[in-house]
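With compact mmCIF, C-alpha atoms inside, this is coords33.txt:
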```txt
# COMPACT_ATOMS: atom_id res chain seq x y z
CA MET A 1 111.30 94.99 123.54
CA ASP A 2 114.30 93.72 121.59
CA ILE A 3 115.29 95.22 118.23
CA PHE A 4 118.01 94.31 115.75
CA VAL A 5 120.06 97.35 114.72
CA MET A 6 121.27 96.93 111.15
CA GLY A 7 124.61 98.52 110.33
CA LEU A 8 125.80 97.66 113.84
CA ASN A 9 124.44 94.13 113.39
CA GLN A 10 123.51 93.72 117.02
CA TRP A 11 120.46 93.15 119.17
CA ARG A 12 119.46 95.84 121.63
CA HIS A 13 116.83 95.95 124.34
CA GLU A 14 114.62 99.03 124.40
CA PRO A 15 112.16 99.78 127.23
CA GLN A 16 109.79 101.67 124.91
CA TRP A 17 108.70 101.98 121.28
CA PRO A 18 108.95 104.38 119.65
CA ARG A 19 112.06 105.61 121.40
CA ALA A 20 111.54 108.86 123.29
CA ARG A 21 115.01 110.04 122.23
CA ALA A 22 114.15 109.89 118.53
CA ARG A 23 114.06 113.29 116.82
CA ASP A 24 112.10 113.71 113.62
CA THR A 25 114.62 115.00 111.09
CA GLU A 26 113.56 116.29 107.68
CA PHE A 27 115.52 115.60 104.50
CA PHE A 28 114.19 117.72 101.64
CA LEU A 29 114.05 116.84 97.94
CA HIS A 30 115.74 119.36 95.63
CA PRO A 31 116.11 119.76 91.84
CA GLY A 32 118.95 117.89 90.20
CA GLY A 33 118.49 114.88 92.45
CA HIS A 34 119.77 116.44 95.67
CA LEU A 35 118.66 115.48 99.18
CA SER A 36 119.54 117.60 102.21
CA THR A 37 118.34 118.99 105.53
CA SER A 38 118.25 122.48 103.97
CA ALA A 39 114.73 123.71 103.23
CA PRO A 40 113.98 124.38 99.54
CA ALA A 41 114.00 127.84 97.99
CA GLU A 42 110.89 129.58 96.72
CA ASN A 43 111.47 129.06 93.01
CA GLU A 44 112.79 125.49 92.82
CA ALA A 45 111.33 123.82 89.73
CA PRO A 46 109.44 120.51 90.03
CA SER A 47 110.81 117.16 88.90
CA SER A 48 108.83 115.05 86.45
CA TYR A 49 108.61 111.58 84.92
CA VAL A 50 106.22 109.44 82.88
CA TYR A 51 104.59 106.34 84.39
CA ASP A 52 103.34 103.65 81.99
CA PRO A 53 101.36 100.82 83.65
CA ALA A 54 102.39 98.59 80.73
CA ASP A 55 106.02 98.90 81.90
CA PRO A 56 105.95 99.09 85.72
CA VAL A 57 109.00 99.28 87.99
CA PRO A 58 109.83 95.67 88.94
CA THR A 59 109.86 94.65 92.59
CA THR A 60 113.48 94.52 93.75
CA GLY A 61 113.86 93.58 97.41
CA GLY A 62 111.92 94.80 100.40
CA ALA A 63 109.67 93.31 103.06
CA LEU A 64 108.38 90.52 100.83
CA ILE A 65 106.78 87.10 101.14
CA MET A 66 106.50 86.21 97.47
CA ALA A 67 107.56 83.59 94.96
CA SER A 68 111.25 82.67 94.97
CA ASP A 69 111.78 84.76 91.83
CA PHE A 70 111.43 87.84 94.07
CA ARG A 71 114.09 87.87 96.78
CA PRO A 72 113.30 89.83 99.96
CA GLY A 73 115.58 92.15 101.88
CA ALA A 74 118.20 94.68 100.81
CA LEU A 75 119.12 94.35 97.14
CA ASP A 76 121.19 96.40 94.69
CA GLN A 77 118.92 99.09 93.24
CA GLN A 78 121.02 99.92 90.15
CA ALA A 79 118.51 98.56 87.64
CA VAL A 80 115.62 100.36 89.33
CA GLU A 81 117.44 103.68 89.65
CA SER A 82 118.54 103.66 86.01
CA ARG A 83 114.92 103.81 84.84
CA ALA A 84 113.48 107.06 83.46
CA ASP A 85 110.33 106.62 85.58
CA VAL A 86 112.23 106.63 88.90
CA LEU A 87 113.35 109.92 90.43
CA VAL A 88 116.47 109.64 92.59
CA PHE A 89 117.53 112.14 95.28
CA THR A 90 120.87 111.61 97.06
CA SER A 91 122.54 113.29 100.01
CA TYR A 92 126.19 114.20 100.41
CA PRO A 93 128.30 111.62 102.30
CA LEU A 94 127.47 111.67 106.00
CA SER A 95 130.09 113.26 108.23
CA GLU A 96 129.21 110.94 111.14
CA ASN A 97 127.19 107.81 111.82
CA LEU A 98 123.43 108.32 111.64
CA GLU A 99 121.05 106.05 113.57
CA ILE A 100 117.49 105.78 112.25
CA THR A 101 115.22 103.91 114.66
CA GLY A 102 111.44 104.15 114.42
CA ARG A 103 108.75 104.94 111.88
CA VAL A 104 109.90 106.49 108.60
CA THR A 105 107.45 108.72 106.72
CA ALA A 106 107.43 110.97 103.67
CA THR A 107 105.47 114.07 102.73
CA LEU A 108 105.06 114.34 98.97
CA PHE A 109 103.56 117.25 97.03
CA ALA A 110 102.64 115.73 93.70
CA ALA A 111 100.41 116.08 90.65
CA THR A 112 99.33 113.76 87.85
CA ASP A 113 97.55 114.54 84.59
CA GLY A 114 94.85 111.91 85.17
CA PRO A 115 92.13 111.07 87.72
CA ALA A 116 94.17 108.55 89.75
CA THR A 117 97.66 107.19 90.28
CA ASP A 118 100.08 105.74 92.86
CA TRP A 119 103.03 107.34 94.62
CA VAL A 120 105.87 105.13 95.84
CA VAL A 121 108.74 106.35 98.07
CA ARG A 122 111.77 104.27 99.01
CA LEU A 123 114.69 105.02 101.36
CA CYS A 124 118.08 103.56 100.43
CA GLU A 125 121.65 103.58 101.73
CA VAL A 126 124.48 104.21 99.26
CA ASP A 127 127.85 102.84 100.34
CA GLU A 128 131.35 104.08 99.49
CA ARG A 129 131.34 101.96 96.30
CA GLY A 130 128.15 103.62 95.07
CA ILE A 131 125.95 100.57 95.64
CA SER A 132 122.41 101.54 96.63
CA LEU A 133 120.53 99.15 98.95
CA ASN A 134 116.87 99.55 99.87
CA ILE A 135 115.88 99.98 103.52
CA VAL A 136 112.14 100.73 103.70
CA ASP A 137 109.43 101.82 101.30
CA GLY A 138 105.75 102.69 101.09
CA ILE A 139 102.93 103.46 98.68
CA THR A 140 99.74 105.49 98.57
CA ARG A 141 96.93 105.25 96.01
CA VAL A 142 95.19 108.52 95.21
CA THR A 143 92.28 109.95 93.28
CA THR A 144 92.58 113.58 92.32
CA GLU A 145 91.83 116.27 89.78
CA PRO A 146 94.20 116.29 86.80
CA GLY A 147 97.09 118.71 87.31
CA ARG A 148 96.26 119.54 90.93
CA ALA A 149 99.20 119.45 93.37
CA ASP A 150 98.12 117.49 96.45
CA GLU A 151 99.94 116.78 99.70
CA HIS A 152 100.35 113.09 100.51
CA GLU A 153 101.64 111.40 103.65
CA ILE A 154 103.34 108.07 102.89
CA ASP A 155 104.14 105.48 105.55
CA LEU A 156 107.44 103.69 104.86
CA TRP A 157 107.11 101.47 107.97
CA SER A 158 109.69 101.10 110.73
CA THR A 159 113.37 100.27 110.81
CA SER A 160 116.46 100.38 112.99
CA ILE A 161 119.71 100.99 111.15
CA VAL A 162 122.97 102.88 111.53
CA ILE A 163 124.15 104.54 108.33
CA LYS A 164 127.91 104.74 108.54
CA ALA A 165 129.89 107.95 108.07
CA GLY A 166 130.89 108.32 104.42
CA HIS A 167 127.72 106.62 103.21
CA ARG A 168 124.82 108.56 101.68
CA LEU A 169 121.04 108.57 101.99
CA ARG A 170 118.97 108.15 98.86
CA VAL A 171 115.25 108.56 98.18
CA GLN A 172 113.48 107.03 95.19
CA VAL A 173 110.13 108.42 94.02
CA THR A 174 108.11 106.54 91.43
CA SER A 175 104.59 105.20 90.78
CA SER A 176 104.88 101.41 90.78
CA ASN A 177 106.48 98.40 92.45
CA PHE A 178 105.10 95.38 90.62
CA PRO A 179 104.09 92.69 91.43
CA ARG A 180 104.46 93.48 95.12
CA TRP A 181 101.73 96.07 94.67
CA ASP A 182 99.20 95.91 91.85
CA ARG A 183 99.61 98.51 89.11
CA ASN A 184 97.51 101.64 89.12
CA LEU A 185 96.09 101.94 85.61
CA ASN A 186 95.70 105.73 86.04
CA THR A 187 92.02 105.67 84.99
CA GLY A 188 90.32 105.67 88.38
CA GLU A 189 88.75 102.27 87.70
CA ASP A 190 89.14 99.21 89.90
CA PRO A 191 92.40 97.62 88.62
CA THR A 192 91.03 94.11 89.24
CA VAL A 193 88.32 94.56 86.60
CA ALA A 194 89.58 97.46 84.44
CA ILE A 195 90.58 96.78 80.85
CA GLU A 196 91.93 100.12 79.69
CA HIS A 197 94.99 101.89 81.03
CA ARG A 198 96.62 105.25 80.37
CA VAL A 199 100.11 106.72 80.59
CA ALA A 200 100.46 109.29 83.39
CA ARG A 201 102.67 112.37 83.44
CA GLN A 202 103.83 112.96 86.98
CA LYS A 203 105.23 116.00 88.81
CA ILE A 204 106.93 116.15 92.19
CA PHE A 205 107.12 119.62 93.74
CA HIS A 206 109.95 120.74 96.03
CA ASP A 207 109.74 124.48 96.59
CA SER A 208 109.28 126.46 99.80
CA ALA A 209 105.47 126.33 99.56
CA ARG A 210 105.43 122.61 98.66
CA PRO A 211 108.46 121.05 100.40
CA SER A 212 108.46 117.35 99.56
CA ARG A 213 110.57 115.60 102.16
CA LEU A 214 111.49 112.45 104.05
CA ILE A 215 111.07 112.42 107.84
CA LEU A 216 113.53 110.19 109.70
CA PRO A 217 113.43 109.25 113.42
CA VAL A 218 117.06 110.04 114.21
CA ILE A 219 118.63 108.94 117.49
CA PRO A 220 121.09 111.63 118.67
CA ALA A 221 124.64 110.49 119.26
CA THR A 222 125.54 110.16 122.94
```
Hey, can you dump this file as structure tokens for me?
Amino acid sequence: MDIFVMGLNQWRHEPQWPRARARDTEFFLHPGGHLSTSAPAENEAPSSYVYDPADPVPTTGGALIMASDFRPGALDQQAVESRADVLVFTSYPLSENLEITGRVTATLFAATDGPATDWVVRLCEVDERGISLNIVDGITRVTTEPGRADEHEIDLWSTSIVIKAGHRLRVQVTSSNFPRWDRNLNTGEDPTVAIEHRVARQKIFHDSARPSRLILPVIPAT
């Protein structure tokens, strides 16, 4: 099959998919908005935010086929990342080029204070100017018991991209991406017929027992 490798901006023929050389590499979320390959410590405190369905995170780029008001592809995430209901975790600048080719997933340990909510995870690249551009994202809709920390696997779909040395990886965690995905009203009711909604208080855990993380299919340098 033929794939287009972003970052290198070139087509490449691959005899198999996913690539056998890909190595699942974990990048862990840490307090203070840090992202690294180091596993979290035992006592790392959770991160939190408030999600209000009346004020959802607006769709900004991505794999879209929508009205012309919503442009697809990689767009500047500054407005999204400045919101109080979007958690941002950023790595140090990469010391060498990093190729990500294959399926990107996330494992999220999370709790909400209501019966249902959504979890959205997005991978971005931050260049040397500090501009954050989205690469892939995914969502999962959950029902749960209020306050219970559950483990969720989130599919961010596939990509092929080379992140250049000096650039950084960034992970966004939030609970909406509207109107690409319909809002979860946090009540457990069908959102197509529900009338009421509630504000949800969200927690993301990143300690040694609940290591929230991104899993990247990294192609080793040759």
Next item on the list: Write out as JSON, numbers by chain each polymer residue whose atoms come within 8 Å of Glu99 (chain A), counting only C-alpha atoms; drop sequence neighbours fewer than 4 positions from it.
Entry: {"A": [160, 161, 162, 163, 218, 219, 220]}
May I have the residues from that selection written out with C-alpha atoms, as a compact mmCIF listing (two decimals), in the frame of the given file?
```
# COMPACT_ATOMS: atom_id res chain seq x y z
CA SER A 160 116.46 100.38 112.99
CA ILE A 161 119.71 100.99 111.15
CA VAL A 162 122.97 102.88 111.53
CA ILE A 163 124.15 104.54 108.33
CA VAL A 218 117.06 110.04 114.21
CA ILE A 219 118.63 108.94 117.49
CA PRO A 220 121.09 111.63 118.67
```
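Shortest separation to Phe70 (chain A) among A:Val88, A:Phe28, A:Val171, A:Phe178 occurs at residue A:Phe178, atoms counted being all atoms listed in the file.
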Contact residues around Met6 (chain A) with only C-alpha atoms at 12 Å, ignoring same-chain residues under 4 positions, as a PDB file with C-alpha atoms, in the frame of the given file:
```
ATOM      1  CA  GLN A  10     123.510  93.720 117.020  1.00  0.00           C
ATOM      2  CA  TRP A  11     120.460  93.150 119.170  1.00  0.00           C
ATOM      3  CA  ARG A  12     119.460  95.840 121.630  1.00  0.00           C
ATOM      4  CA  GLY A  73     115.580  92.150 101.880  1.00  0.00           C
ATOM      5  CA  ALA A  74     118.200  94.680 100.810  1.00  0.00           C
ATOM      6  CA  LEU A  98     123.430 108.320 111.640  1.00  0.00           C
ATOM      7  CA  GLU A  99     121.050 106.050 113.570  1.00  0.00           C
ATOM      8  CA  ILE A 100     117.490 105.780 112.250  1.00  0.00           C
ATOM      9  CA  THR A 101     115.220 103.910 114.660  1.00  0.00           C
ATOM     10  CA  GLU A 125     121.650 103.580 101.730  1.00  0.00           C
ATOM     11  CA  ILE A 135     115.880  99.980 103.520  1.00  0.00           C
ATOM     12  CA  THR A 159     113.370 100.270 110.810  1.00  0.00           C
ATOM     13  CA  SER A 160     116.460 100.380 112.990  1.00  0.00           C
ATOM     14  CA  ILE A 161     119.710 100.990 111.150  1.00  0.00           C
ATOM     15  CA  VAL A 162     122.970 102.880 111.530  1.00  0.00           C
ATOM     16  CA  ILE A 163     124.150 104.540 108.330  1.00  0.00           C
ATOM     17  CA  LYS A 164     127.910 104.740 108.540  1.00  0.00           C
TER      18      LYS A 164
END
```
Note to self: Give me, as a list in words, all polymer residues having an atom no more than 12 Å from Met1 (chain A), counting only C-alpha atoms and skipping those fewer than 5 positions away in the same chain.
What the structure shows: Trp11, Arg12, His13, Glu14, Pro15, Gln16, Trp17, Pro18 and Arg19 of chain A
Notebook entry, point to check: Residues at most 12 Å from Ala200 (chain A), counting all atoms listed in the file, excluding those fewer than 2 positions away in the same chain, as a ChimeraX atom specification?
Noted result: /A:48-56,85,111-119,146-147,174-176,184-188,197-198,202-203
Notebook entry, point to check: Which residue out of A:Ser132, A:Gly102, A:Glu96, A:Ser212 has the minimum interatomic distance to Ala20 (chain A) when all atoms listed in the file are used?
Noted result: A:Gly102
Note to self: Can you pull out the residues contacting Gly33 (chain A)? Cut-off 10 Å, using only C-alpha atoms, and skip same-chain residues under 2 positions away; I want them as a VMD selection string.
What the structure shows: chain A and resid 29 to 31 35 47 87 to 91 170 to 172
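Compared by their closest atoms to Asp150 (chain A), and using only C-alpha atoms, the residues A:Glu189, A:Ile204, A:Ala194, A:Arg103 rank with A:Ile204 nearest.
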Please, could N, CA and C atoms be added to region 160-188 of chain A and the result written as a compact mmCIF listing (two decimals), in the coordinates of the input?
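The new file part-v1.txt reads:
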```txt
# COMPACT_ATOMS: atom_id res chain seq x y z
N SER A 160 115.38 99.97 112.09
CA SER A 160 116.46 100.38 112.99
C SER A 160 117.76 100.08 112.27
N ILE A 161 118.50 101.14 111.94
CA ILE A 161 119.71 100.99 111.15
C ILE A 161 120.67 102.14 111.45
N VAL A 162 121.94 101.85 111.43
CA VAL A 162 122.97 102.88 111.53
C VAL A 162 123.62 103.03 110.17
N ILE A 163 123.49 104.23 109.60
CA ILE A 163 124.15 104.54 108.33
C ILE A 163 125.54 105.07 108.66
N LYS A 164 126.54 104.41 108.16
CA LYS A 164 127.91 104.74 108.54
C LYS A 164 128.38 106.06 107.91
N ALA A 165 129.27 106.74 108.61
CA ALA A 165 129.89 107.95 108.07
C ALA A 165 130.54 107.63 106.72
N GLY A 166 130.38 108.54 105.76
CA GLY A 166 130.89 108.32 104.42
C GLY A 166 129.86 107.73 103.48
N HIS A 167 128.81 107.12 104.03
CA HIS A 167 127.72 106.62 103.21
C HIS A 167 126.72 107.75 102.96
N ARG A 168 125.80 107.54 102.02
CA ARG A 168 124.82 108.56 101.68
C ARG A 168 123.41 108.01 101.79
N LEU A 169 122.46 108.91 102.03
CA LEU A 169 121.04 108.57 101.99
C LEU A 169 120.51 108.80 100.58
N ARG A 170 119.58 107.97 100.17
CA ARG A 170 118.97 108.15 98.86
C ARG A 170 117.47 107.91 98.96
N VAL A 171 116.70 108.71 98.25
CA VAL A 171 115.25 108.56 98.18
C VAL A 171 114.85 108.33 96.73
N GLN A 172 114.09 107.27 96.50
CA GLN A 172 113.48 107.03 95.19
C GLN A 172 112.02 107.47 95.24
N VAL A 173 111.55 108.10 94.17
CA VAL A 173 110.13 108.42 94.02
C VAL A 173 109.69 107.88 92.67
N THR A 174 108.62 107.10 92.66
CA THR A 174 108.11 106.54 91.43
C THR A 174 106.62 106.25 91.61
N SER A 175 106.04 105.44 90.71
CA SER A 175 104.59 105.20 90.78
C SER A 175 104.22 103.73 90.70
N SER A 176 105.20 102.83 90.83
CA SER A 176 104.88 101.41 90.78
C SER A 176 105.97 100.59 91.45
N ASN A 177 105.58 99.40 91.88
CA ASN A 177 106.48 98.40 92.45
C ASN A 177 105.75 97.07 92.25
N PHE A 178 105.94 96.51 91.06
CA PHE A 178 105.10 95.38 90.62
C PHE A 178 105.94 94.11 90.50
N PRO A 179 105.46 92.98 91.01
CA PRO A 179 104.09 92.69 91.43
C PRO A 179 103.81 92.80 92.92
N ARG A 180 104.75 93.35 93.69
CA ARG A 180 104.46 93.48 95.12
C ARG A 180 103.14 94.23 95.33
N TRP A 181 102.99 95.33 94.62
CA TRP A 181 101.73 96.07 94.67
C TRP A 181 101.13 96.11 93.26
N ASP A 182 99.83 95.91 93.16
CA ASP A 182 99.20 95.91 91.85
C ASP A 182 99.35 97.27 91.19
N ARG A 183 99.41 97.27 89.87
CA ARG A 183 99.61 98.51 89.11
C ARG A 183 98.38 99.40 89.18
N ASN A 184 98.59 100.68 89.33
CA ASN A 184 97.51 101.64 89.12
C ASN A 184 97.43 101.92 87.63
N LEU A 185 96.26 101.75 87.05
CA LEU A 185 96.09 101.94 85.61
C LEU A 185 95.82 103.39 85.24
N ASN A 186 95.81 104.27 86.24
CA ASN A 186 95.70 105.73 86.04
C ASN A 186 94.36 106.16 85.45
N THR A 187 93.33 105.32 85.55
CA THR A 187 92.02 105.67 84.99
C THR A 187 90.97 105.94 86.07
N GLY A 188 91.29 105.55 87.31
CA GLY A 188 90.32 105.67 88.38
C GLY A 188 89.43 104.46 88.53
```
